[in-house]
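This is upload_0.pdb (PDB, C-alpha atoms, pLDDT in the B column).
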ATOM      1  CA  MET Q   1       8.512 165.062 -42.112  1.00 83.00           C
ATOM      2  CA  ILE Q   2       7.046 165.404 -38.634  1.00 93.00           C
ATOM      3  CA  THR Q   3       3.632 163.785 -39.030  1.00 95.00           C
ATOM      4  CA  THR Q   4       2.908 162.863 -35.397  1.00 97.00           C
ATOM      5  CA  ALA Q   5       3.146 164.992 -32.246  1.00 98.00           C
ATOM      6  CA  LEU Q   6       3.194 163.021 -28.992  1.00 98.00           C
ATOM      7  CA  PHE Q   7       2.402 165.193 -25.966  1.00 98.00           C
ATOM      8  CA  ASP Q   8       3.143 164.868 -22.267  1.00 97.00           C
ATOM      9  CA  LEU Q   9       0.307 166.096 -20.009  1.00 96.00           C
ATOM     10  CA  ASP Q  10       1.370 167.628 -16.665  1.00 93.00           C
ATOM     11  CA  GLY Q  11       3.549 170.684 -17.113  1.00 93.00           C
ATOM     12  CA  THR Q  12       3.190 170.550 -20.893  1.00 97.00           C
ATOM     13  CA  LEU Q  13      -0.495 170.845 -21.757  1.00 97.00           C
ATOM     14  CA  VAL Q  14      -1.880 171.625 -18.312  1.00 96.00           C
ATOM     15  CA  ASP Q  15      -0.831 173.167 -15.017  1.00 94.00           C
ATOM     16  CA  SER Q  16      -1.688 170.398 -12.574  1.00 91.00           C
ATOM     17  CA  VAL Q  17       0.315 171.757  -9.634  1.00 92.00           C
ATOM     18  CA  PRO Q  18      -2.669 173.274  -7.751  1.00 94.00           C
ATOM     19  CA  GLY Q  19      -4.564 169.991  -7.739  1.00 92.00           C
ATOM     20  CA  VAL Q  20      -1.553 167.815  -6.969  1.00 92.00           C
ATOM     21  CA  GLN Q  21      -0.435 170.162  -4.188  1.00 93.00           C
ATOM     22  CA  HIS Q  22      -3.908 170.096  -2.627  1.00 94.00           C
ATOM     23  CA  ALA Q  23      -4.143 166.296  -2.701  1.00 93.00           C
ATOM     24  CA  MET Q  24      -0.593 165.852  -1.451  1.00 92.00           C
ATOM     25  CA  GLN Q  25      -1.244 168.205   1.461  1.00 92.00           C
ATOM     26  CA  MET Q  26      -4.351 166.245   2.418  1.00 93.00           C
ATOM     27  CA  ALA Q  27      -2.423 162.965   2.338  1.00 92.00           C
ATOM     28  CA  TRP Q  28       0.519 164.491   4.208  1.00 90.00           C
ATOM     29  CA  GLN Q  29      -1.634 165.978   6.962  1.00 90.00           C
ATOM     30  CA  ALA Q  30      -3.425 162.678   7.497  1.00 90.00           C
ATOM     31  CA  VAL Q  31      -0.279 160.555   7.698  1.00 88.00           C
ATOM     32  CA  GLN Q  32       2.397 162.811   9.215  1.00 85.00           C
ATOM     33  CA  PRO Q  33       0.921 166.155  10.277  1.00 85.00           C
ATOM     34  CA  GLU Q  34       4.029 167.067  12.250  1.00 83.00           C
ATOM     35  CA  VAL Q  35       6.075 167.418   9.027  1.00 79.00           C
ATOM     36  CA  MET Q  36       5.541 170.271   6.549  1.00 82.00           C
ATOM     37  CA  CYS Q  37       4.379 169.215   3.098  1.00 83.00           C
ATOM     38  CA  PRO Q  38       6.975 170.087   0.428  1.00 82.00           C
ATOM     39  CA  ASP Q  39       6.465 172.373  -2.543  1.00 84.00           C
ATOM     40  CA  VAL Q  40       5.127 170.113  -5.284  1.00 84.00           C
ATOM     41  CA  ARG Q  41       6.368 172.190  -8.230  1.00 83.00           C
ATOM     42  CA  ARG Q  42       9.971 171.099  -7.768  1.00 80.00           C
ATOM     43  CA  LEU Q  43       8.911 167.435  -7.651  1.00 83.00           C
ATOM     44  CA  MET Q  44       6.613 167.276 -10.691  1.00 84.00           C
ATOM     45  CA  GLY Q  45       7.273 164.715 -13.398  1.00 76.00           C
ATOM     46  CA  PRO Q  46       7.437 161.153 -12.046  1.00 81.00           C
ATOM     47  CA  PRO Q  47       4.503 159.118 -10.660  1.00 85.00           C
ATOM     48  CA  ILE Q  48       3.147 160.305  -7.300  1.00 87.00           C
ATOM     49  CA  ARG Q  49       4.739 157.448  -5.353  1.00 90.00           C
ATOM     50  CA  GLU Q  50       8.165 158.508  -6.599  1.00 89.00           C
ATOM     51  CA  MET Q  51       7.371 162.132  -5.746  1.00 88.00           C
ATOM     52  CA  PHE Q  52       6.627 161.116  -2.160  1.00 90.00           C
ATOM     53  CA  ARG Q  53       9.780 158.997  -2.060  1.00 90.00           C
ATOM     54  CA  ARG Q  54      11.964 161.897  -3.181  1.00 87.00           C
ATOM     55  CA  CYS Q  55      10.820 164.189  -0.386  1.00 85.00           C
ATOM     56  CA  LEU Q  56      11.296 161.674   2.455  1.00 84.00           C
ATOM     57  CA  ALA Q  57      14.627 160.669   3.956  1.00 81.00           C
ATOM     58  CA  GLU Q  58      14.106 156.910   4.389  1.00 84.00           C
ATOM     59  CA  PRO Q  59      10.463 156.133   3.597  1.00 84.00           C
ATOM     60  CA  SER Q  60       9.111 152.664   4.265  1.00 91.00           C
ATOM     61  CA  GLU Q  61       6.912 150.967   1.701  1.00 92.00           C
ATOM     62  CA  VAL Q  62       4.101 150.992   4.277  1.00 93.00           C
ATOM     63  CA  LEU Q  63       4.339 154.777   4.602  1.00 91.00           C
ATOM     64  CA  LEU Q  64       4.475 155.242   0.828  1.00 93.00           C
ATOM     65  CA  ASN Q  65       1.456 152.981   0.416  1.00 93.00           C
ATOM     66  CA  GLU Q  66      -0.595 155.008   2.871  1.00 94.00           C
ATOM     67  CA  LEU Q  67       0.433 158.325   1.362  1.00 92.00           C
ATOM     68  CA  GLU Q  68      -0.365 157.128  -2.143  1.00 93.00           C
ATOM     69  CA  VAL Q  69      -3.765 155.720  -1.180  1.00 94.00           C
ATOM     70  CA  ARG Q  70      -4.773 158.940   0.578  1.00 94.00           C
ATOM     71  CA  PHE Q  71      -3.448 161.038  -2.306  1.00 93.00           C
ATOM     72  CA  ARG Q  72      -5.457 159.035  -4.844  1.00 92.00           C
ATOM     73  CA  ALA Q  73      -8.627 159.392  -2.808  1.00 94.00           C
ATOM     74  CA  ALA Q  74      -8.210 163.172  -2.619  1.00 93.00           C
ATOM     75  CA  TYR Q  75      -7.017 163.716  -6.169  1.00 91.00           C
ATOM     76  CA  ASP Q  76      -9.509 161.426  -7.868  1.00 90.00           C
ATOM     77  CA  GLY Q  77     -12.265 162.906  -5.724  1.00 90.00           C
ATOM     78  CA  GLU Q  78     -12.089 166.672  -6.268  1.00 90.00           C
ATOM     79  CA  SER Q  79      -8.476 167.917  -6.370  1.00 93.00           C
ATOM     80  CA  TRP Q  80      -8.046 167.171 -10.083  1.00 92.00           C
ATOM     81  CA  ARG Q  81     -10.592 169.907 -10.834  1.00 94.00           C
ATOM     82  CA  ARG Q  82      -7.942 172.498  -9.897  1.00 94.00           C
ATOM     83  CA  THR Q  83      -6.102 171.697 -13.137  1.00 94.00           C
ATOM     84  CA  ALA Q  84      -5.909 174.462 -15.764  1.00 94.00           C
ATOM     85  CA  VAL Q  85      -4.937 174.232 -19.432  1.00 96.00           C
ATOM     86  CA  PHE Q  86      -1.991 176.411 -20.471  1.00 96.00           C
ATOM     87  CA  PRO Q  87      -2.782 179.400 -22.728  1.00 96.00           C
ATOM     88  CA  GLY Q  88      -2.852 178.654 -26.435  1.00 96.00           C
ATOM     89  CA  VAL Q  89      -2.895 174.862 -26.137  1.00 97.00           C
ATOM     90  CA  VAL Q  90      -6.277 174.237 -27.784  1.00 96.00           C
ATOM     91  CA  GLY Q  91      -5.525 176.576 -30.678  1.00 96.00           C
ATOM     92  CA  ALA Q  92      -2.125 174.982 -31.269  1.00 97.00           C
ATOM     93  CA  LEU Q  93      -3.574 171.474 -31.271  1.00 97.00           C
ATOM     94  CA  GLU Q  94      -6.308 172.482 -33.691  1.00 96.00           C
ATOM     95  CA  ALA Q  95      -3.747 174.130 -35.981  1.00 97.00           C
ATOM     96  CA  LEU Q  96      -1.564 171.015 -35.950  1.00 97.00           C
ATOM     97  CA  ARG Q  97      -4.479 168.754 -36.770  1.00 96.00           C
ATOM     98  CA  SER Q  98      -5.612 171.086 -39.559  1.00 96.00           C
ATOM     99  CA  SER Q  99      -2.147 170.863 -41.095  1.00 95.00           C
ATOM    100  CA  GLY Q 100      -2.258 167.070 -41.053  1.00 95.00           C
ATOM    101  CA  VAL Q 101      -0.188 166.414 -37.927  1.00 97.00           C
ATOM    102  CA  ARG Q 102      -1.585 163.637 -35.741  1.00 97.00           C
ATOM    103  CA  CYS Q 103      -1.807 164.426 -32.001  1.00 98.00           C
ATOM    104  CA  LEU Q 104      -1.343 161.680 -29.407  1.00 98.00           C
ATOM    105  CA  GLY Q 105      -0.509 161.769 -25.700  1.00 98.00           C
ATOM    106  CA  VAL Q 106       1.443 159.887 -23.058  1.00 97.00           C
ATOM    107  CA  THR Q 107       1.554 160.534 -19.314  1.00 96.00           C
ATOM    108  CA  ASN Q 108       2.608 159.079 -15.961  1.00 91.00           C
ATOM    109  CA  LYS Q 109      -0.800 160.055 -14.576  1.00 91.00           C
ATOM    110  CA  PRO Q 110      -3.320 157.187 -14.171  1.00 91.00           C
ATOM    111  CA  ALA Q 111      -5.933 156.833 -16.887  1.00 95.00           C
ATOM    112  CA  ARG Q 112      -8.998 157.824 -14.834  1.00 93.00           C
ATOM    113  CA  PRO Q 113      -7.908 161.351 -13.814  1.00 92.00           C
ATOM    114  CA  THR Q 114      -6.267 161.785 -17.211  1.00 95.00           C
ATOM    115  CA  ARG Q 115      -9.592 161.226 -18.983  1.00 95.00           C
ATOM    116  CA  ARG Q 116     -11.367 163.559 -16.582  1.00 94.00           C
ATOM    117  CA  ILE Q 117      -8.802 166.338 -17.055  1.00 95.00           C
ATOM    118  CA  LEU Q 118      -8.814 166.034 -20.841  1.00 96.00           C
ATOM    119  CA  GLU Q 119     -12.599 166.334 -20.887  1.00 95.00           C
ATOM    120  CA  TYR Q 120     -12.674 169.108 -18.266  1.00 93.00           C
ATOM    121  CA  CYS Q 121     -10.092 171.173 -20.175  1.00 93.00           C
ATOM    122  CA  ASP Q 122     -11.791 170.513 -23.544  1.00 94.00           C
ATOM    123  CA  LEU Q 123      -8.716 168.663 -24.838  1.00 96.00           C
ATOM    124  CA  ALA Q 124     -10.053 165.131 -25.383  1.00 96.00           C
ATOM    125  CA  LYS Q 125     -11.360 165.988 -28.854  1.00 95.00           C
ATOM    126  CA  CYS Q 126      -7.844 166.959 -29.949  1.00 96.00           C
ATOM    127  CA  PHE Q 127      -6.208 163.547 -29.467  1.00 98.00           C
ATOM    128  CA  GLU Q 128      -6.439 160.209 -31.232  1.00 97.00           C
ATOM    129  CA  ILE Q 129      -5.266 158.438 -28.081  1.00 97.00           C
ATOM    130  CA  PHE Q 130      -3.809 159.454 -24.726  1.00 98.00           C
ATOM    131  CA  LEU Q 131      -2.099 156.625 -22.856  1.00 98.00           C
ATOM    132  CA  SER Q 132      -1.314 156.180 -19.151  1.00 97.00           C
ATOM    133  CA  PRO Q 133       0.621 153.376 -17.444  1.00 95.00           C
ATOM    134  CA  ASP Q 134      -2.668 151.659 -16.540  1.00 95.00           C
ATOM    135  CA  SER Q 135      -4.297 152.126 -19.937  1.00 96.00           C
ATOM    136  CA  ARG Q 136      -3.597 148.448 -20.628  1.00 95.00           C
ATOM    137  CA  VAL Q 137      -3.303 145.198 -18.665  1.00 94.00           C
ATOM    138  CA  PRO Q 138      -0.631 144.407 -17.690  1.00 94.00           C
ATOM    139  CA  ALA Q 139       0.262 148.032 -17.037  1.00 95.00           C
ATOM    140  CA  PHE Q 140       3.075 149.741 -18.875  1.00 96.00           C
ATOM    141  CA  ALA Q 141       6.230 149.978 -16.764  1.00 94.00           C
ATOM    142  CA  SER Q 142       7.185 153.464 -17.979  1.00 94.00           C
ATOM    143  CA  LYS Q 143       6.593 156.186 -20.531  1.00 95.00           C
ATOM    144  CA  THR Q 144       9.397 154.684 -22.570  1.00 97.00           C
ATOM    145  CA  GLN Q 145       7.565 151.371 -22.767  1.00 97.00           C
ATOM    146  CA  ILE Q 146       4.370 153.138 -23.823  1.00 97.00           C
ATOM    147  CA  VAL Q 147       6.130 154.903 -26.702  1.00 98.00           C
ATOM    148  CA  GLN Q 148       8.037 151.761 -27.688  1.00 98.00           C
ATOM    149  CA  THR Q 149       4.732 149.866 -27.822  1.00 97.00           C
ATOM    150  CA  LEU Q 150       3.163 152.532 -30.022  1.00 97.00           C
ATOM    151  CA  ALA Q 151       6.128 152.223 -32.373  1.00 97.00           C
ATOM    152  CA  ALA Q 152       6.098 148.409 -32.354  1.00 97.00           C
ATOM    153  CA  GLU Q 153       2.382 148.354 -33.153  1.00 96.00           C
ATOM    154  CA  GLY Q 154       2.849 150.798 -36.026  1.00 96.00           C
ATOM    155  CA  THR Q 155       0.785 153.549 -34.382  1.00 97.00           C
ATOM    156  CA  ILE Q 156       3.709 155.946 -34.707  1.00 97.00           C
ATOM    157  CA  ASN Q 157       6.803 156.044 -36.896  1.00 96.00           C
ATOM    158  CA  PRO Q 158       9.593 157.392 -34.640  1.00 96.00           C
ATOM    159  CA  PRO Q 159      11.626 159.181 -37.346  1.00 95.00           C
ATOM    160  CA  ASP Q 160       8.501 161.134 -38.317  1.00 95.00           C
ATOM    161  CA  SER Q 161       7.418 161.880 -34.732  1.00 97.00           C
ATOM    162  CA  ALA Q 162       8.176 164.491 -32.087  1.00 97.00           C
ATOM    163  CA  LEU Q 163       7.683 164.208 -28.326  1.00 98.00           C
ATOM    164  CA  ILE Q 164       6.639 167.518 -26.766  1.00 98.00           C
ATOM    165  CA  GLY Q 165       7.390 167.625 -23.046  1.00 97.00           C
ATOM    166  CA  ASP Q 166       8.836 169.607 -20.169  1.00 94.00           C
ATOM    167  CA  THR Q 167      11.136 167.301 -18.196  1.00 93.00           C
ATOM    168  CA  ILE Q 168      14.420 165.432 -18.409  1.00 93.00           C
ATOM    169  CA  GLU Q 169      12.380 162.230 -18.370  1.00 93.00           C
ATOM    170  CA  ASP Q 170      10.536 163.329 -21.513  1.00 96.00           C
ATOM    171  CA  ALA Q 171      13.823 164.142 -23.255  1.00 96.00           C
ATOM    172  CA  ARG Q 172      15.226 160.723 -22.372  1.00 95.00           C
ATOM    173  CA  VAL Q 173      12.073 158.936 -23.512  1.00 96.00           C
ATOM    174  CA  ALA Q 174      12.359 160.661 -26.877  1.00 97.00           C
ATOM    175  CA  GLN Q 175      16.035 159.756 -27.157  1.00 96.00           C
ATOM    176  CA  ALA Q 176      15.451 156.121 -26.188  1.00 97.00           C
ATOM    177  CA  CYS Q 177      12.632 155.764 -28.713  1.00 97.00           C
ATOM    178  CA  GLY Q 178      14.180 157.671 -31.622  1.00 96.00           C
ATOM    179  CA  LEU Q 179      11.811 160.673 -31.567  1.00 97.00           C
ATOM    180  CA  MET Q 180      12.631 164.351 -31.907  1.00 96.00           C
ATOM    181  CA  PHE Q 181      12.302 166.093 -28.531  1.00 97.00           C
ATOM    182  CA  VAL Q 182      10.694 169.541 -28.344  1.00 97.00           C
ATOM    183  CA  ALA Q 183      10.747 171.258 -24.945  1.00 97.00           C
ATOM    184  CA  PHE Q 184       8.049 173.545 -23.537  1.00 97.00           C
ATOM    185  CA  ALA Q 185       9.927 176.357 -21.800  1.00 95.00           C
ATOM    186  CA  GLY Q 186       6.905 177.176 -19.649  1.00 93.00           C
ATOM    187  CA  GLY Q 187       6.843 173.740 -18.038  1.00 91.00           C
ATOM    188  CA  TYR Q 188       7.985 172.531 -14.635  1.00 89.00           C
ATOM    189  CA  GLY Q 189      11.290 171.036 -15.726  1.00 88.00           C
ATOM    190  CA  TRP Q 190      12.600 173.802 -17.964  1.00 91.00           C
ATOM    191  CA  ALA Q 191      15.438 174.899 -15.669  1.00 89.00           C
ATOM    192  CA  GLU Q 192      16.744 171.340 -15.361  1.00 89.00           C
ATOM    193  CA  LEU Q 193      16.369 170.693 -19.086  1.00 91.00           C
ATOM    194  CA  SER Q 194      18.192 173.882 -19.969  1.00 89.00           C
ATOM    195  CA  ALA Q 195      21.003 173.243 -17.490  1.00 90.00           C
ATOM    196  CA  ALA Q 196      21.478 169.722 -18.831  1.00 89.00           C
ATOM    197  CA  GLY Q 197      21.622 170.890 -22.450  1.00 87.00           C
ATOM    198  CA  GLU Q 198      18.528 168.853 -23.321  1.00 85.00           C
ATOM    199  CA  ALA Q 199      16.474 171.711 -24.761  1.00 83.00           C
ATOM    200  CA  SER Q 200      18.029 172.539 -28.115  1.00 87.00           C
ATOM    201  CA  MET Q 201      14.563 172.624 -29.682  1.00 94.00           C
ATOM    202  CA  ALA Q 202      12.125 174.620 -27.544  1.00 96.00           C
ATOM    203  CA  PHE Q 203       9.172 177.008 -27.543  1.00 96.00           C
ATOM    204  CA  GLU Q 204       7.851 179.478 -24.973  1.00 95.00           C
ATOM    205  CA  ARG Q 205       4.244 179.891 -26.179  1.00 96.00           C
ATOM    206  CA  PHE Q 206       1.941 177.350 -27.744  1.00 97.00           C
ATOM    207  CA  ASP Q 207       1.101 179.582 -30.678  1.00 96.00           C
ATOM    208  CA  GLN Q 208       4.756 179.066 -31.713  1.00 97.00           C
ATOM    209  CA  LEU Q 209       4.542 175.276 -31.797  1.00 97.00           C
ATOM    210  CA  PRO Q 210       2.830 174.634 -35.185  1.00 96.00           C
ATOM    211  CA  ARG Q 211       5.373 176.762 -36.996  1.00 95.00           C
ATOM    212  CA  LEU Q 212       8.270 175.212 -35.081  1.00 95.00           C
ATOM    213  CA  LEU Q 213       7.201 171.697 -36.041  1.00 95.00           C
ATOM    214  CA  SER Q 214       6.754 172.720 -39.676  1.00 93.00           C
ATOM    215  CA  GLU Q 215      10.281 174.168 -39.680  1.00 90.00           C
ATOM    216  CA  ILE Q 216      11.656 170.926 -38.249  1.00 85.00           C
ATOM    217  CA  ALA Q 217       9.813 169.036 -40.959  1.00 67.00           C
ATOM    218  CA  SER Q 218      11.291 171.190 -43.719  1.00 58.00           C
ATOM    219  CA  THR Q 219      14.897 170.767 -42.526  1.00 53.00           C
ATOM    220  CA  PRO Q 220      16.881 168.488 -44.897  1.00 49.00           C
TER
END
Please express the file's structure as structure tokens.
Amino acid sequence: MITTALFDLDGTLVDSVPGVQHAMQMAWQAVQPEVMCPDVRRLMGPPIREMFRRCLAEPSEVLLNELEVRFRAAYDGESWRRTAVFPGVVGALEALRSSGVRCLGVTNKPARPTRRILEYCDLAKCFEIFLSPDSRVPAFASKTQIVQTLAAEGTINPPDSALIGDTIEDARVAQACGLMFVAFAGGYGWAELSAAGEASMAFERFDQLPRLLSEIASTP
């Protein structure tokens, strides 16, 4: 049975695009004002440094460092407050917990803004733990390593667990770690997931998720 639901954050539980776009624009304008800042929505998923790398032709590490530092200052300052929880998330999490499903989280976002967003969106109470790359020292190298560590420590049992996410990365983390992958069709990476055939199990609204997970659990 599915006894543990492991959630991604950005694009799955919350819409973080407004805050990320604002902070990225501030960093972009400070470092290279002559170049237009790209649309963040198409870049969402990986850590911010990789997002910057993907929208620059041949970025130097010096340029990436400066962009990342300025982004962090803006985002950790006020931009994160532009984050909004997706409709139905709190109710779905409460329903899962009431049915005995444990709720945990894993994200590429650093721990400090993650904690702030979870509290701000009234989501912190819904999770046993929510891990970021820098939640431990030394830092986790990837989401995959975070989930593998949870499994190795006995915090989750992969065959009984589902990873709920919105990107190809989330699907591949689930596959690498032996978890069921459930895709949120309202997330940033839905088009890519669908095109790649990585979204065989999916939901469009969060009020559908508790029932979907119970149906997975009842499948022989």
Expansion of the PyMOL selection byres ((chain Q and resi 134) around 10) into residues, as a short mmCIF file (atom, residue, chain, number, x, y, z; two decimals) with C-alpha atoms, keeping the file's coordinate frame:
data_model
loop_
_atom_site.label_atom_id
_atom_site.label_comp_id
_atom_site.auth_asym_id
_atom_site.auth_seq_id
_atom_site.Cartn_x
_atom_site.Cartn_y
_atom_site.Cartn_z
CA ASN Q 108 2.61 159.08 -15.96
CA LYS Q 109 -0.80 160.06 -14.58
CA PRO Q 110 -3.32 157.19 -14.17
CA ALA Q 111 -5.93 156.83 -16.89
CA ARG Q 112 -9.00 157.82 -14.83
CA LEU Q 131 -2.10 156.62 -22.86
CA SER Q 132 -1.31 156.18 -19.15
CA PRO Q 133 0.62 153.38 -17.44
CA SER Q 135 -4.30 152.13 -19.94
CA ARG Q 136 -3.60 148.45 -20.63
CA VAL Q 137 -3.30 145.20 -18.66
CA PRO Q 138 -0.63 144.41 -17.69
CA ALA Q 139 0.26 148.03 -17.04
CA PHE Q 140 3.08 149.74 -18.88
CA ALA Q 141 6.23 149.98 -16.76
#
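Taking only C-alpha atoms into account, Ala202 in chain Q lies nearest to Q:Thr12 out of the set Q:Gly91, Q:Thr12, Q:Gly77, Q:Gln175.
A straight line drawn from CA of Glu192 in chain Q to CA of Arg72 in chain Q is 27.5 Å long.
Among Q:Leu6, Q:Gly187, Q:Phe71, Q:Leu193, the residue with the shortest atom-to-atom distance to Arg172 in chain Q, counting all atoms listed in the file, is Q:Leu193.
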Residues matched by the PyMOL selection byres ((chain Q and resi 177) around 8), written as a short mmCIF file (atom, residue, chain, number, x, y, z; two decimals) with C-alpha atoms, in the coordinates of the input:
data_model
loop_
_atom_site.label_atom_id
_atom_site.label_comp_id
_atom_site.auth_asym_id
_atom_site.auth_seq_id
_atom_site.Cartn_x
_atom_site.Cartn_y
_atom_site.Cartn_z
CA THR Q 144 9.40 154.68 -22.57
CA VAL Q 147 6.13 154.90 -26.70
CA GLN Q 148 8.04 151.76 -27.69
CA PRO Q 158 9.59 157.39 -34.64
CA VAL Q 173 12.07 158.94 -23.51
CA ALA Q 174 12.36 160.66 -26.88
CA GLN Q 175 16.04 159.76 -27.16
CA ALA Q 176 15.45 156.12 -26.19
CA GLY Q 178 14.18 157.67 -31.62
CA LEU Q 179 11.81 160.67 -31.57
#
### Who sits within 12 Å of range 93-104 of chain Q, only C-alpha atoms, same chain under 3 positions skipped, as an MDAnalysis selection string
chainID Q and resid 1:9 13 86:90 107 122:132 146:147 150 155:157 160:164 206:214 217
### Task
Grab the CA of Cys55 in chain Q to CA of Ala73 in chain Q distance for me, in Å with one decimal place.
20.2 Å
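Each of Q:Asp170, Q:Glu198, Q:Phe203, Q:Arg41 was checked against Gly105 in chain Q using all atoms listed in the file; the smallest atom-to-atom distance is that of Q:Asp170.
What the PyMOL selection byres ((chain Q and resi 37) around 7) grabs from this file is Gln25, Trp28, Val35, Met36, Pro38 and Asp39 of chain Q.
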Just write the chosen residues, C-alpha atoms, as a JSON list (two decimals), in the coordinates of the input.
[["chain", "number", "residue", "atom", "x", "y", "z"],
["Q", 25, "GLN", "CA", -1.24, 168.20, 1.46],
["Q", 28, "TRP", "CA", 0.52, 164.49, 4.21],
["Q", 35, "VAL", "CA", 6.08, 167.42, 9.03],
["Q", 36, "MET", "CA", 5.54, 170.27, 6.55],
["Q", 38, "PRO", "CA", 6.98, 170.09, 0.43],
["Q", 39, "ASP", "CA", 6.46, 172.37, -2.54]]
### Task
Pick out the residues sitting within 7 Å of Thr167 in chain Q, and hand them over as a PyMOL selection string; count all atoms listed in the file, and ignore anything fewer than 5 positions along from it in its own chain.
chain Q and resi 45+189-190+193
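Distances to Glu204 in chain Q were evaluated for Q:Ala191, Q:Ile216, Q:Val69, Q:Ala185 using all atoms listed in the file, and the minimum falls at Q:Ala185.
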Padding 5 Å on each side, edges along x, y and z: where is the centre of the box around the listed atoms of range 206-216 of chain Q, and how long are its edges in Å to one decimal? Output it as lines of an AutoDock Vina configuration file.
center_x = 6.4
center_y = 175.3
center_z = -33.7
size_x = 20.6
size_y = 18.7
size_z = 21.9
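Reported to one decimal place, the separation of CA of Ala92 in chain Q from CA of Gly186 in chain Q is 14.9 Å.
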